[in-house]
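Notes to accompany the following structure.
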Amino acid sequence: MNRKKSLKQAFINKYGEDLNFSDDDMKLVLNKVHSKKIEQPKRKFRLGPVLMMILTPLIIMILILSSDHLLTDSKDASKEPEPAAESDRDLFGDAGIQNIINHDLFTEINQTVEKNGVAFTIHEIMYDGTRLALVYSIEKEESNQEERRIPDALFKLSVDGEPFHDYSGGLTYADEEKFLHEFHTYTELPEQFQLSIEIMNLGEKEGPWSFQFPIEKINEKYHAAPGKSSVNGDTSLTLNELSFSASSTNLSIDMIEPIEKQRKRAGTYIFEVRDNKGNSIAHMTSGATGGGDRDGKSVENFNEYFEPVDKLPKSITIIPYLSKSGGMDYITKPLNQKLPIYLEQDQFGGIMIKEVEQKQGEVWIYYEGEGVSESFRSWVVLEEKGSNTPIERINNYEKTPEGYIAKFKTSLPLESLTVSTAKRNITKLEGLELKVDIK
């Protein structure tokens with residue numbers, strides 16, 4: 001039993017279950033406490049301890065009542081689920097991986113295999129139906145002072161002894177010593193299975209470094225294969241699969257159009273997802289696209305990862321856009337100006353910087369995505385004025401209930417800094433919006 005519940009139960013035991021405090025009651029008690037504090041601010045007298053002994057149970061009760069669990073019915077209150085405690089670990093990865101960390105859903109492995117002077121350690125892993133995420137580190141006998149680089153590693157996976165190839169991969173840093181390797185899966189894996197991982201080589205070092213351990217899938221909140229489509233002229237959008245998991249809202253989408261139209265198209269499709277209340281579910285990353293020809297038409301499949309949701313929506317609406325290819329351009333503004341600072345990426349949205357905090361040797365930028373939530377929202381760049389070299393990022397970004405935080409390593413004053421993000425050239429595809437009910 002946590003401290004809040006212990007205090008609550010102790011008060012119930014002493015004063016009964018049927019006490020109800022109105023807002024006026026709370027104000028009265030707080031006003032009395034406040035008035036006693038200001039009546040004699042510098043005098044010492046013995047009434048204070050007595051008064052606080054009398055008021056302490058009331059103050060405790062007010063604190064309990066001010067939480068989300070009101071003491072109107074102790075039996076009902078005891079049934080309400082408590083929110084999961086957030087981890088005190090350093091966060092890494094996208095917002096979905098950060099959610100896995102915060103809810104302590106990684107499974108510790110901590111297995112090390114040594115070969116050819118290299119120790120390869122798998123620290124932890126998770127699988128939630130949409131992606132397999134692996135945290136590992138590498139230690140070499142011949143250490144040097146070279147800058148740490150993303151390893152050139154070739155992975156080979158097997159599930160229950162059978163080779164598994166239905167995935168695309170992504171690799172990034174987890175911290176100063178560890179890496180995060182994601183396998184974006186295209187097919188469902190069993191609820192429980194034996195996973196075999198062989199690292200065939202690490203650059204010029206030959207393997208394999210071989211591992212095997214059991215995996216238990218983190219339960220998905222929702223999974224369906226709607227097969228619903230929207231059509232406008234000779235182009236259609238089909239939602240093949242939809243999953244709400246601990247690490248993502250994952251959509252498998254087909255875009256179908258005439259082959260000649262696909263060949264002439266300059267750019268790629270991107271997607272916005274909104275819930276039944278019109279709130280945008282932010283895009284995080286994409287798995288590799290696939291496709292081919294079907295009945296004389298081009299079929300392009302997209303495996304898209306949006307942020308996980310706290311509560312299942314009643315429906316989602318998918319809105320496709322065409323992101324035209326071309327040279328990368330940036331919108332740049334001085335950092336030391338009146339907040340908020342808006343970086344407009346295009347007519348559909350941008351990034352709103354709400355707060356800038358300067359710490360010892362660091363600058364933290366607090367921001368939100370505005371409008372269409374494509375993955376550029378994590379592209380916040382900090383530079384010294386007159387320089388084309390980005391300042392080192394401490395993190396990719398941190399997702400919080402209030403928005404995102406980008407952290408940079410610099411002691412430069414704010415007036416010497418500029419902030420920028422990538423511009424976009426996107427066009428909304430009218431008539432192809434697709435609404436899907438969540439049942």
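By order in the structure tokens, chains are A, B, ...; within a chain, residues start at 1; ligands start at 1, following the order shown.
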Original post:
Running DSSP on the backbone, which parts of range 103-262 of chain A land in strand (DSSP E or B), as a VMD selection string?
Top reply: chain A and resid 107 to 115 118 to 127 131 to 140 153 to 159 162 to 164 167 to 173 179 to 185 192 to 202 205 to 216 222 to 224 228 to 232 235 to 244 249 to 258
What are the closest atom pairs, with distances in Å to one decimal, for all residues of range 244-353 of chain A lying within 6 Å of range 231-238 of chain A? Consider only C-alpha atoms, order rows by chain and residue number, and present the result as a tab-separated table.
```
residue	atom	partner	partner_atom	distance
A:Ile253	CA	A:Thr238	CA	5.6
A:Asp254	CA	A:Thr238	CA	5.1
A:Met255	CA	A:Leu237	CA	4.8
A:Ile256	CA	A:Ser236	CA	5.2
A:Glu257	CA	A:Thr235	CA	4.6
```
Using the selection just defined, write its residues with C-alpha atoms as a compact mmCIF listing (two decimals), in the first residue's frame.
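The result, stored in part07.txt:
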```
# COMPACT_ATOMS: atom_id res chain seq x y z
CA ILE A 253 -1.89 1.33 -45.51
CA ASP A 254 -2.06 0.58 -49.24
CA MET A 255 -2.04 3.41 -51.78
CA ILE A 256 -3.26 2.13 -55.17
CA GLU A 257 -3.02 4.10 -58.44
```
Original post:
Within 6 Å of range 189-206 of chain A, counting only C-alpha atoms, which residues qualify if same-chain residues fewer than 5 places away don't, as number ranges by chain?
Top reply: A: 152-160, 211-217
Subject >> 12 Å contact set for Lys264 in chain A, only C-alpha atoms, chain neighbours under 5 positions out, as a ChimeraX atom specification >> reply: /A:257-259,298,324
Residues from the last selection, N, CA and C atoms, saved as a short mmCIF file (atom, residue, chain, number, x, y, z; two decimals), in the first residue's frame:
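Here's the written file result-v7.cif:
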```cif
data_model
loop_
_atom_site.label_atom_id
_atom_site.label_comp_id
_atom_site.auth_asym_id
_atom_site.auth_seq_id
_atom_site.Cartn_x
_atom_site.Cartn_y
_atom_site.Cartn_z
N GLU A 257 -2.83 3.14 -57.35
CA GLU A 257 -3.02 4.10 -58.44
C GLU A 257 -2.50 3.49 -59.73
N PRO A 258 -2.85 4.06 -60.87
CA PRO A 258 -2.33 3.53 -62.14
C PRO A 258 -0.80 3.58 -62.17
N ILE A 259 -0.20 2.58 -62.81
CA ILE A 259 1.26 2.48 -62.84
C ILE A 259 1.90 3.72 -63.43
N SER A 298 -0.43 0.11 -59.60
CA SER A 298 0.67 0.11 -58.64
C SER A 298 0.10 0.08 -57.23
N LYS A 324 6.21 16.38 -51.59
CA LYS A 324 7.00 16.50 -52.81
C LYS A 324 8.48 16.50 -52.48
#
```
**OP:** Write out as a ChimeraX atom specification which residues come within 10 Å of Glu415 in chain A when counting only C-alpha atoms, dropping same-chain ones fewer than 3 positions away.
**Re:** /A:334-337,384-385,412,418
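All residues of protein, DNA or RNA that reach within 7 Å of Lys354 in chain A, judged by only C-alpha atoms and not counting those fewer than 2 positions away in the chain, are A:Leu339, A:Pro340, A:Ile341, A:Met352, A:Tyr366, A:Tyr367.
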Original post:
Using only C-alpha atoms, which of A:Asn276, A:Gln360, A:Asn116, A:Thr421 sits nearest Lys314 in chain A?
Top reply: A:Asn276
Subject >> Neighbour list for Asn303 in chain A as JSON, numbers by chain, cut-off 8 Å, only C-alpha atoms, skip fewer than 6 positions in-chain >> reply: {"A": [186, 250, 251, 252, 253, 286, 287, 288, 289]}
Original post:
Which is closest to Ser230 in chain A among A:Pro320, A:Glu176, A:Ile97, A:Gly169, if we use only C-alpha atoms?
Top reply: A:Pro320
**OP:** One decimal, Å: what's the distance from CA of Val356 in chain A over to CA of Ala95 in chain A, could you say?
**Re:** 20.7 Å
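Relative to CA of Leu242 in chain A, CA of Gly227 in chain A is found at 9.7 Å.
In terms of minimum interatomic distance to Pro313 in chain A, A:Asn279 ranks closest within A:Thr112, A:Ser420, A:Asn279, A:Gln358, counting only C-alpha atoms.
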